[in-house]
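J.: Have a look at this one before I ask anything.
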Amino acid sequence: MNQYFIIDFDSTFTQVEALDELARISLKDHPEREAIYKKIEDLTNQAMEGKLSFSQSLEGRVKLLQANKNHLKELVKHLKTKVSSSFSRNKKFFKDHSDEVLIVSGGFKEFITPVVTPYGIKKENIYANTFVFDEKGQIIGYDRSNPLSEEGGKVKLLQNNLNLQGDIFGIGDGYSDFQLKESGLIKKFFAYTENIERKTVAEKADHVTPSFDEFLYINQLPRAISYPKNRILCLLVGNVPQKAIDFLKTDGFSIRHKETFEEKYVKDVGMLLLADGESVSDETLRRAEKLKTIGYFGKAKGRINYDICAEKGIVVFESAKSATENKKIVARRVADFINTGTTYKSSNFPNLQLPKMDNAHRLIHIHKNVPGVMSEITKVFAKHNINIVSQFLMTTPRIGYVITDINKQYDKAVIKELRTVENTIKFRILY
């Protein structure tokens, strides 16, 4: 059966509400701009939460804009820098599924089309409102015959204008997106929360998806990374710099910031960042089975047992206690390890700087540095006729760290066999 993906634009494909951003451009010199911004934002939120009809909200916002075609050009340039991170990294999915992906929005084609078409989304699959201009290029209204300008417009569009035969999935942040599910026209509605979570909408969704990676993962669709970052628990303990927290949140990790390393997080934590002066007991390290990396804001010696970390395949990064040092540097190194496998400047692992590879799977294999492991890994690849795109290997006296980028076509048994190679410490598919 065919699958179709109906995706919202504002606060979903992009991080922002485009009409709100347009107002900030068109009214930047207006003496009452702050009060007008607030009115526009309130109208947006009321409609998205189902507290005001969409048509009333749209009419009110357009009247307040005082925008023209030149402002729209500036807006498009701005929106191209505000595409949601997980949409941006899954550009290949949109190109490969260009017939099945539809952008359906209460926004306007004038700014949506130039933002989404570089991702391979077809113009004919973009459904949105259109502005009406006067002879000077000033926005004076919008096409009121368009069903998307009306309350329940997305439902009306699907009922009367589209003939999609198959399973339809809706992805969006607002009440108008939920209405598709409420109407029975789509199979599942996914409340998208990477940029904003509207609780009244999320409560009614079939699934809350903090990223597009999550949507692709739970539906077993091709994706840029094998495991969504929002599923990796990143625990920050103590007085961790705010810049580091903000960086990790923006990168898409699931953040918990606590004063102490609480017992309830031990079995699930994947990333651990510790403020200077904090420590982790040996017993806790041994039980943290999912822990992949530790970042320490200071000198970790005596605070973290490097021997246990080596035994468990946990990569440690630390920083000098310098006021001039970038407060995000430890967070960035921890994130780089999760994102690419890079171990540059780690305290206990071979130091590897790794490029990002396209059209390949990256396999990370951490093992005890004993004779014969690489031979066994090579045998697995040879047995299954794996096409190796690139391979990187470095060792310490205790650890062997091998990164293998392979062609995307492979037998899934390869993964099982690599996990069971003798002396394997940790194995994961990066993307």
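We label chains A, B, ... in the order they appear in the structure tokens, count residues from 1 in each chain, and number ligands from 1 in the order shown.
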Determine, counting only C-alpha atoms, which protein, DNA and RNA residues have an atom within 12 Å of an atom of Lys28 (chain A); residues of the same chain fewer than 5 positions away are not included. Present the result as number ranges by chain.

T.: A: 20-23, 33-37, 65-67, 71

J.: Could you please take those selected residues and save C-alpha atoms as a short mmCIF file (atom, residue, chain, number, x, y, z; two decimals), in the first residue's frame?

T.:
data_model
loop_
_atom_site.label_atom_id
_atom_site.label_comp_id
_atom_site.auth_asym_id
_atom_site.auth_seq_id
_atom_site.Cartn_x
_atom_site.Cartn_y
_atom_site.Cartn_z
CA ASP A 20 5.68 36.16 12.98
CA GLU A 21 9.11 36.45 11.38
CA LEU A 22 7.70 38.47 8.48
CA ALA A 23 6.21 40.90 10.97
CA ARG A 33 6.35 47.16 16.69
CA GLU A 34 6.62 45.27 20.00
CA ALA A 35 2.91 45.58 20.72
CA ILE A 36 2.05 44.48 17.17
CA TYR A 37 4.48 41.53 17.36
CA LEU A 65 1.78 42.74 8.76
CA GLN A 66 2.21 45.87 6.59
CA ALA A 67 4.51 43.79 4.37
CA HIS A 71 10.04 41.92 2.79
#

J.: Going by DSSP on the backbone, which bits of region 47-279 of chain A are helix (DSSP H, G or I)? Write them as a count of residues only, please.

T.: 94

J.: Nearest to Asp10 (chain A) among A:Glu311, A:Asp99, A:Asp276, A:Asp173, with distances taken over only C-alpha atoms: which residue is it?

T.: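 Going through A:Glu311, A:Asp99, A:Asp276, A:Asp173 one by one, the smallest distance to Asp10 (chain A) is for A:Asp173.
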
J.: As a tab-separated table (two decimals) with C-alpha atoms, in the first residue's frame, please: the residues near His384 (chain A) (cut-off 9 Å, only C-alpha atoms, same-chain neighbours under 5 positions excluded).

T.:
chain	number	residue	atom	x	y	z
A	379	LYS	CA	36.24	-12.23	7.98
A	410	TYR	CA	24.14	-5.36	3.33
A	411	ASP	CA	22.78	-8.46	5.05
A	413	ALA	CA	23.26	-10.73	9.84
A	414	VAL	CA	26.49	-8.74	9.51

J.: Looking at only C-alpha atoms, which of A:Gly295, A:Pro147, A:Gly341, A:Gly174 is the one that sits closest to Ala202 (chain A)?

T.: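 So, comparing all the options, the nearest one is A:Gly174.
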
J.: Please determine, counting only C-alpha atoms, which residue among A:Glu182, A:Glu197, A:Asp8, A:Asp134 has the shortest atom-to-atom distance to Glu49 (chain A).

T.: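 The shortest atom-to-atom distance to Glu49 (chain A) comes from A:Glu197.
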
J.: Do you have the CA of Ile366 (chain A)-CA of Asn407 (chain A) distance handy?

T.: 20.4 Å

J.: Rounded to one decimal place, report the CA of Ile186 (chain A)-CA of Thr12 (chain A) distance in Å.

T.: 18.0 Å

J.: I need the residue nearest Leu363 (chain A) from this list: A:Val208, A:Val237, A:Val389, A:Val316. Use only C-alpha atoms for the distance.

T.: A:Val389

J.: Between A:Ile140, A:Met374, A:Leu102, A:Leu221, which is the closest to Glu124 (chain A) once you count only C-alpha atoms?

T.: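 When distances to Glu124 (chain A) are compared using only C-alpha atoms, the smallest one comes from A:Leu102.
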
J.: With a distance cut-off of 8 Å and only C-alpha atoms, select the neighbouring residues of Phe54 (chain A), excluding the residue or stretch itself and same-chain residues fewer than 5 positions from it, and output the selection as a PyMOL selection string.

T.: chain A and resi 47-48+149-152+176

J.: Restrict the selected residues to N, CA and C atoms and save them as an mmCIF file, in the first residue's frame.

T.:
data_model
loop_
_atom_site.group_PDB
_atom_site.id
_atom_site.type_symbol
_atom_site.label_atom_id
_atom_site.label_comp_id
_atom_site.auth_asym_id
_atom_site.auth_seq_id
_atom_site.Cartn_x
_atom_site.Cartn_y
_atom_site.Cartn_z
ATOM 1 N N ALA A 47 -4.754 30.085 17.419
ATOM 2 C CA ALA A 47 -5.206 29.204 16.341
ATOM 3 C C ALA A 47 -4.551 27.834 16.442
ATOM 4 N N MET A 48 -3.258 27.800 16.726
ATOM 5 C CA MET A 48 -2.529 26.527 16.796
ATOM 6 C C MET A 48 -3.019 25.650 17.940
ATOM 7 N N SER A 149 -7.375 28.724 3.701
ATOM 8 C CA SER A 149 -7.577 29.992 4.404
ATOM 9 C C SER A 149 -8.752 29.905 5.383
ATOM 10 N N GLU A 150 -9.456 28.786 5.364
ATOM 11 C CA GLU A 150 -10.660 28.620 6.175
ATOM 12 C C GLU A 150 -10.399 27.745 7.401
ATOM 13 N N GLU A 151 -11.298 27.812 8.363
ATOM 14 C CA GLU A 151 -11.255 26.900 9.496
ATOM 15 C C GLU A 151 -11.439 25.472 8.988
ATOM 16 N N GLY A 152 -10.595 24.548 9.481
ATOM 17 C CA GLY A 152 -10.660 23.166 8.998
ATOM 18 C C GLY A 152 -10.197 23.023 7.574
ATOM 19 N N SER A 176 -4.746 22.397 13.631
ATOM 20 C CA SER A 176 -5.212 22.112 12.268
ATOM 21 C C SER A 176 -4.637 20.796 11.754
#

J.: If you run DSSP on this backbone, which residues of region 269-345 of chain A come out as strand (DSSP E or B), and could you give them as a PyMOL selection string?

T.: chain A and resi 269-274+293-296+301+304+315-318

J.: Could you name the residues that touch region 306-310 of chain A at 9 Å or less, counting only C-alpha atoms, but leaving out those on the same chain fewer than 3 positions away, as a list in words?

T.: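 Those residues are Asp282, Leu285, Arg286, Thr293, Lys301, Gly302, Gly313, Ile314, Val315, Val316, Ser347, Asn348, Phe349, Lys368, Arg398, Ile399 and Ile425 of chain A.
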
J.: Would you save the residues from that selection as a tab-separated table (two decimals), in the first residue's frame, using C-alpha atoms?

T.:
chain	number	residue	atom	x	y	z
A	282	ASP	CA	33.25	2.85	40.26
A	285	LEU	CA	30.17	3.25	36.14
A	286	ARG	CA	30.02	-0.53	36.04
A	293	THR	CA	30.71	9.00	26.67
A	301	LYS	CA	41.71	12.54	37.05
A	302	GLY	CA	40.71	11.09	40.41
A	313	GLY	CA	34.05	1.34	26.10
A	314	ILE	CA	33.19	4.76	27.56
A	315	VAL	CA	35.00	7.67	25.89
A	316	VAL	CA	36.06	10.49	28.26
A	347	SER	CA	41.47	11.35	27.57
A	348	ASN	CA	41.30	7.56	27.38
A	349	PHE	CA	40.74	6.54	23.74
A	368	LYS	CA	40.16	-5.15	23.60
A	398	ARG	CA	44.22	-1.54	26.00
A	399	ILE	CA	41.67	-0.51	23.36
A	425	ILE	CA	33.50	-4.21	24.18

J.: Compile a residue-level contact table for region 52-139 of chain A against region 163-170 of chain A at a cut-off of 10 Å, reporting for every qualifying residue the shortest atom pair and its distance in Å to one decimal, with only C-alpha atoms counted, rows ordered by chain and ascending number, as JSON lines.

T.:
{"residue": "A:Glu100", "atom": "CA", "partner": "A:Ile168", "partner_atom": "CA", "distance": 9.4}
{"residue": "A:Val101", "atom": "CA", "partner": "A:Phe169", "partner_atom": "CA", "distance": 9.9}
{"residue": "A:Leu102", "atom": "CA", "partner": "A:Gly170", "partner_atom": "CA", "distance": 9.7}
{"residue": "A:Val104", "atom": "CA", "partner": "A:Gly170", "partner_atom": "CA", "distance": 9.5}

J.: Determine, counting only C-alpha atoms, which protein, DNA and RNA residues have an atom within 10 Å of an atom of His257 (chain A); residues of the same chain fewer than 2 positions away are not included. Present the result as a list in words.

T.: Cys234, Leu235, Leu236, Val237, Gly238, Asn239, Val240, Ile245, Ile255, Glu259, Thr260, Phe261 and Leu273 of chain A

J.: Do you have, as a tab-separated table, the list of residues of region 136-246 of chain A lying at most 12 Å from region 76-83 of chain A, each with its nearest atom pair and that distance in Å to one decimal, counting only C-alpha atoms and ordered by chain then number?

T.:
residue	atom	partner	partner_atom	distance
A:Glu194	CA	A:Val83	CA	11.2
A:Asn195	CA	A:Val83	CA	10.5
A:Phe212	CA	A:Val83	CA	11.8

J.: Write out as a ChimeraX atom specification the residues lying within 8 Å of Leu248 (chain A), counting only C-alpha atoms and excluding same-chain residues fewer than 5 positions away.

T.: /A:253,255,331-332,335

J.: Please produce a file of the residues just selected, as a PDB file, in the first residue's frame, where the atoms kept are N, CA and C atoms.

T.:
ATOM      1  N   PHE A 253      19.515  16.318  21.665  1.00  0.00           N
ATOM      2  CA  PHE A 253      19.581  15.283  22.689  1.00  0.00           C
ATOM      3  C   PHE A 253      18.505  15.504  23.761  1.00  0.00           C
ATOM      4  N   ILE A 255      17.675  16.057  27.283  1.00  0.00           N
ATOM      5  CA  ILE A 255      18.476  16.614  28.374  1.00  0.00           C
ATOM      6  C   ILE A 255      17.785  16.447  29.726  1.00  0.00           C
ATOM      7  N   ALA A 331      31.088  19.875  25.614  1.00  0.00           N
ATOM      8  CA  ALA A 331      29.800  19.441  25.061  1.00  0.00           C
ATOM      9  C   ALA A 331      29.919  19.144  23.574  1.00  0.00           C
ATOM     10  N   ARG A 332      30.673  19.974  22.863  1.00  0.00           N
ATOM     11  CA  ARG A 332      30.835  19.774  21.423  1.00  0.00           C
ATOM     12  C   ARG A 332      31.595  18.478  21.139  1.00  0.00           C
ATOM     13  N   ALA A 335      29.288  15.528  21.790  1.00  0.00           N
ATOM     14  CA  ALA A 335      28.316  15.440  20.693  1.00  0.00           C
ATOM     15  C   ALA A 335      28.971  14.929  19.413  1.00  0.00           C
TER      16      ALA A 335
END

J.: With distances taken over only C-alpha atoms, which of A:Lys299, A:Lys416, A:Arg198, A:Arg144 is nearest to Lys51 (chain A)?

T.: A:Arg198

J.: Quick check, in Å to one decimal: how far apart do CA of Met1 (chain A) and CA of Asn125 (chain A) lie?

T.: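 About the pair CA of Met1 (chain A) and CA of Asn125 (chain A): they are 19.4 Å apart.
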